[in-house]
Amino acid sequence: MEYSIKSDSPAKLSSDCLVLGLYLKRKLCPTTAAMDEALGGLLSRLLKRDDMEGKPGQTLLISHLPEGKIERILLVGLGKREELDAANYRKALAAAAKSLKESGAKSAHVALPEAEVGSHGLPWKTRQIVEILESAFYRFTQLKQDPNNGKPPRLAKVCFLTASPDQGAETELGISQGKAIASGMNLARDLANLPGNICTPTYLAEEAEKLAKHHKKLKAKILDESELEELGMGSFLSVSRGSRQPAKLIVLEYHGAPAKTKPYVLVGKGLTFDAGGISLKPAANMDEMKYDMCGGASVIATLGVVAELGLPLNVVGLVPASENLPDGNANKPGDIVTSMAGLTIEILNTDAEGRLILCDTLTYAKRYDPVAVIDVATLTGACIVALGRHPSAILSNDDALCAALTSAGEKAWDRVWRLPLWDEYQEQLKSNFADIANIGGPDGGTITAACFLSRFAKDFKWAHVDIAGTAWKSGADKGATGRPVPLLSQYLIDRAA
Ligand code: BES
Ligand code: MN
Ligand code: ZN
């Protein structure tokens, strides 16, 4: 999509589709009112006739307009002016995007950022439009015989209408952030939607290298099994022993600040297919376990966002990548492995493999002397039971870090909800034969998984984000969501400010 900015009066435009807002009870936004006047009250009459009050999610597409240079007008309901918050604004934008898609318009002029959305400024309001449009027009077609499937060309150009030229800079900022985040989300979605037979640990590593080639300040380093062996990553390597695909530790380093500046470290679970191992998963929906690398994909993609925006920070991305399959060489229940940190782990369930690859990666993170370490992982089905699919779960050993991520999630509308990481839960990880067990029983599965990781994150500020419920959608529109790229990007944008 190509974006531009104009501050001309709407009636003078030539446009394929003019996108205008109205509040509840047909209260018109300024540009809508100006257009209504230019059209002799036509918009008001049509709104009344079609019973369109302006609720969020309601749209009215007007495609028969008096002769002139405007082909269509899309009226977008925003709800009550005083109640227009981020949720309603995004709901309205999603409806507008859907209608634009169906309209067949090739270009659009959008005046929606003039709406008042709580205390959100122009950059935020603009950015939301870019993100929602890009996400509505996302399609995963690379594995179809006919990628275009006979569909007509889609919306290619969007022009933001501003009240005055001095709003240009803020609009520009919103566009550039929105484009960077949306393309990060699309990269994460593409990688995640690719099946396990294509997106292997090696493939993921090559994609990270490809990304690094695009950005001068981004460096990729791939550690192979012999190097992981040398580091003593016995826990990580035990998972890939059951697979014919070699494990990789993907290291992406972004240098946007002086070398001595401590980095933020992002860790993402990159399990390219999780069959459960010897503790085999049931067959139903097992295909969705190709998504078990969404954490890794979003870390790789977020480093791309950071590089695209040129943030003045140092950021490291670490992605342990592996498959988890049953095999003669695979982990068996009861096996005991030694982690890089020296702690021995009794593997009571081979399906709790995410923590086994993450724990050694957390130990590895320590060498960066990080400001903070954030890991993101599709770690537990229990997370979906606890919180559903709206927020990701967050568990942390540092209140300030947790608060910063919570507020970043609110702002980016990629929200997290905190669960407790109390010592009482640690009891559940006791093992009779090793230092720690890899499962904590049926109670509080998301919390005990985080407790396990916390044993390897004692030396730095750390937060764990469980994205099992948010990284992809099941059902008819099955597919990756691109979360938590907005959360991680916003957190880092805020740190740079
Ligand atoms: N990748 C899964 C978690 C998962 C399951 C995410 C379903 C999304 C949907 C993880 O590796 C796993 O299998 N976890 C087990 C842990 C259990 C054995 C303690 C789980 O959640 O069942
Ligand atoms: Mn598993
Ligand atoms: Zn898994």
# chains A, B, ... in the order shown; residues from 1 in each chain; ligands from 1
call {"tool": "residues_near_ligand", "arguments": {"ligand": "ligand 1", "cutoff": "8 Å", "atoms": "only C-alpha atoms and all ligand atoms", "output": "PyMOL selection string"}}
result
chain A and resi 271+274+276+281+288-289+292+349-355+378-384+438-442+445-446+449+467-469
call {"tool": "write_last_selection", "arguments": {"atoms": "N, CA and C atoms", "output": "mmCIF file, in the first residue's frame"}}
result
data_model
loop_
_atom_site.group_PDB
_atom_site.id
_atom_site.type_symbol
_atom_site.label_atom_id
_atom_site.label_comp_id
_atom_site.auth_asym_id
_atom_site.auth_seq_id
_atom_site.Cartn_x
_atom_site.Cartn_y
_atom_site.Cartn_z
ATOM 1 N N LEU A 271 9.474 -23.278 17.951
ATOM 2 C CA LEU A 271 9.197 -24.708 17.763
ATOM 3 C C LEU A 271 8.436 -24.849 16.429
ATOM 4 N N ASP A 274 5.237 -28.936 16.793
ATOM 5 C CA ASP A 274 5.174 -29.594 18.099
ATOM 6 C C ASP A 274 4.147 -30.729 18.086
ATOM 7 N N GLY A 276 4.407 -33.076 20.228
ATOM 8 C CA GLY A 276 4.367 -33.508 21.615
ATOM 9 C C GLY A 276 5.515 -34.448 21.978
ATOM 10 N N LYS A 281 0.646 -35.697 21.145
ATOM 11 C CA LYS A 281 -0.615 -34.963 21.217
ATOM 12 C C LYS A 281 -1.714 -35.736 20.490
ATOM 13 N N GLU A 288 -2.329 -27.309 13.886
ATOM 14 C CA GLU A 288 -2.105 -25.960 14.420
ATOM 15 C C GLU A 288 -0.775 -25.839 15.158
ATOM 16 N N MET A 289 -0.148 -26.966 15.430
ATOM 17 C CA MET A 289 1.136 -26.897 16.129
ATOM 18 C C MET A 289 2.280 -26.447 15.222
ATOM 19 N N ASP A 292 3.643 -23.199 16.593
ATOM 20 C CA ASP A 292 4.386 -23.161 17.845
ATOM 21 C C ASP A 292 5.691 -22.360 17.733
ATOM 22 N N ASN A 349 7.007 -34.926 31.040
ATOM 23 C CA ASN A 349 6.132 -34.889 29.871
ATOM 24 C C ASN A 349 6.916 -34.252 28.729
ATOM 25 N N THR A 350 7.098 -35.011 27.660
ATOM 26 C CA THR A 350 7.942 -34.488 26.570
ATOM 27 C C THR A 350 7.231 -33.382 25.787
ATOM 28 N N ASP A 351 5.935 -33.230 26.047
ATOM 29 C CA ASP A 351 5.182 -32.167 25.366
ATOM 30 C C ASP A 351 5.410 -30.796 26.028
ATOM 31 N N ALA A 352 6.003 -30.794 27.215
ATOM 32 C CA ALA A 352 6.365 -29.507 27.828
ATOM 33 C C ALA A 352 7.788 -29.181 27.376
ATOM 34 N N GLU A 353 7.929 -29.013 26.039
ATOM 35 C CA GLU A 353 9.258 -28.862 25.422
ATOM 36 C C GLU A 353 9.670 -27.402 25.289
ATOM 37 N N GLY A 354 8.670 -26.501 25.257
ATOM 38 C CA GLY A 354 8.996 -25.086 25.041
ATOM 39 C C GLY A 354 9.939 -24.584 26.120
ATOM 40 N N ARG A 355 9.610 -24.902 27.352
ATOM 41 C CA ARG A 355 10.442 -24.446 28.468
ATOM 42 C C ARG A 355 11.849 -25.047 28.409
ATOM 43 N N THR A 378 4.338 -19.580 22.682
ATOM 44 C CA THR A 378 3.071 -20.312 22.712
ATOM 45 C C THR A 378 3.300 -21.481 23.675
ATOM 46 N N LEU A 379 3.275 -21.161 24.972
ATOM 47 C CA LEU A 379 3.837 -22.122 25.923
ATOM 48 C C LEU A 379 2.839 -23.101 26.504
ATOM 49 N N THR A 380 1.608 -22.633 26.798
ATOM 50 C CA THR A 380 0.678 -23.545 27.484
ATOM 51 C C THR A 380 -0.760 -23.429 26.974
ATOM 52 N N GLY A 381 -1.390 -24.587 26.775
ATOM 53 C CA GLY A 381 -2.826 -24.608 26.477
ATOM 54 C C GLY A 381 -3.614 -24.034 27.646
ATOM 55 N N ALA A 382 -3.066 -24.149 28.848
ATOM 56 C CA ALA A 382 -3.739 -23.636 30.049
ATOM 57 C C ALA A 382 -3.961 -22.128 29.977
ATOM 58 N N CYS A 383 -3.130 -21.444 29.213
ATOM 59 C CA CYS A 383 -3.246 -19.995 29.075
ATOM 60 C C CYS A 383 -4.572 -19.640 28.389
ATOM 61 N N ILE A 384 -4.973 -20.480 27.427
ATOM 62 C CA ILE A 384 -6.231 -20.230 26.713
ATOM 63 C C ILE A 384 -7.411 -20.498 27.646
ATOM 64 N N ASN A 438 9.881 -30.838 34.691
ATOM 65 C CA ASN A 438 9.473 -29.908 33.615
ATOM 66 C C ASN A 438 7.978 -29.676 33.566
ATOM 67 N N ILE A 439 7.214 -30.331 34.451
ATOM 68 C CA ILE A 439 5.779 -29.995 34.542
ATOM 69 C C ILE A 439 5.392 -29.840 36.021
ATOM 70 N N GLY A 440 4.310 -29.104 36.238
ATOM 71 C CA GLY A 440 3.882 -28.823 37.607
ATOM 72 C C GLY A 440 2.497 -29.353 37.902
ATOM 73 N N GLY A 441 2.058 -30.353 37.151
ATOM 74 C CA GLY A 441 0.734 -30.914 37.409
ATOM 75 C C GLY A 441 -0.363 -30.089 36.762
ATOM 76 N N PRO A 442 -1.617 -30.534 36.991
ATOM 77 C CA PRO A 442 -2.736 -29.931 36.252
ATOM 78 C C PRO A 442 -3.098 -28.506 36.697
ATOM 79 N N GLY A 445 -1.297 -24.232 35.064
ATOM 80 C CA GLY A 445 -0.259 -24.641 34.107
ATOM 81 C C GLY A 445 0.557 -23.491 33.525
ATOM 82 N N THR A 446 -0.082 -22.355 33.303
ATOM 83 C CA THR A 446 0.651 -21.220 32.736
ATOM 84 C C THR A 446 1.628 -20.667 33.771
ATOM 85 N N ALA A 449 4.605 -23.125 34.351
ATOM 86 C CA ALA A 449 5.534 -23.027 33.215
ATOM 87 C C ALA A 449 6.436 -21.807 33.395
ATOM 88 N N ILE A 467 1.692 -16.489 24.631
ATOM 89 C CA ILE A 467 0.847 -16.044 23.514
ATOM 90 C C ILE A 467 0.036 -17.197 22.912
ATOM 91 N N ALA A 468 -0.157 -18.270 23.706
ATOM 92 C CA ALA A 468 -0.869 -19.440 23.169
ATOM 93 C C ALA A 468 -2.258 -19.074 22.643
ATOM 94 N N GLY A 469 -2.932 -18.111 23.270
ATOM 95 C CA GLY A 469 -4.294 -17.770 22.865
ATOM 96 C C GLY A 469 -4.382 -16.629 21.858
#
call {"tool": "residues_around", "arguments": {"residues": "Gly121 (chain A)", "least_positions_apart": "5", "cutoff": "10 Å", "atoms": "only C-alpha atoms", "output": "list in words"}}
result
Pro113, Glu114, Glu116, Thr126, Glu170, Thr171 and Gly174 of chain A
call {"tool": "closest_residue", "arguments": {"among": "A:Ala412, A:Gln490, A:Leu387, A:Phe137", "to": "Asp466 (chain A)", "atoms": "only C-alpha atoms"}}
result
A:Leu387
call {"tool": "select_by_dssp", "arguments": {"residues": "region 80-288 of chain A", "states": "strand (DSSP E)", "output": "PyMOL selection string"}}
result
chain A and resi 107-110+157-161+218-223+248-255+264-268+270-274
call {"tool": "closest_residue", "arguments": {"among": "A:Asp398, A:Glu323, A:Glu410, A:Asp443", "to": "ligand 2", "atoms": "only C-alpha atoms and all ligand atoms"}}
result
A:Glu323
call {"tool": "residues_around", "arguments": {"residues": "Asp287 (chain A)", "least_positions_apart": "2", "cutoff": "9 Å", "atoms": "only C-alpha atoms", "output": "number ranges by chain"}}
result
A: 195-196, 273, 275, 283-285, 289-291
call {"tool": "closest_residue", "arguments": {"among": "A:Pro320, A:Pro391, A:Gly342, A:Gly277", "to": "ligand 2", "atoms": "only C-alpha atoms and all ligand atoms"}}
result
A:Gly277
call {"tool": "closest_residue", "arguments": {"among": "A:Lys91, A:Arg389, A:Lys269, A:Lys12", "to": "ligand 3", "atoms": "only C-alpha atoms and all ligand atoms"}}
result
A:Lys269
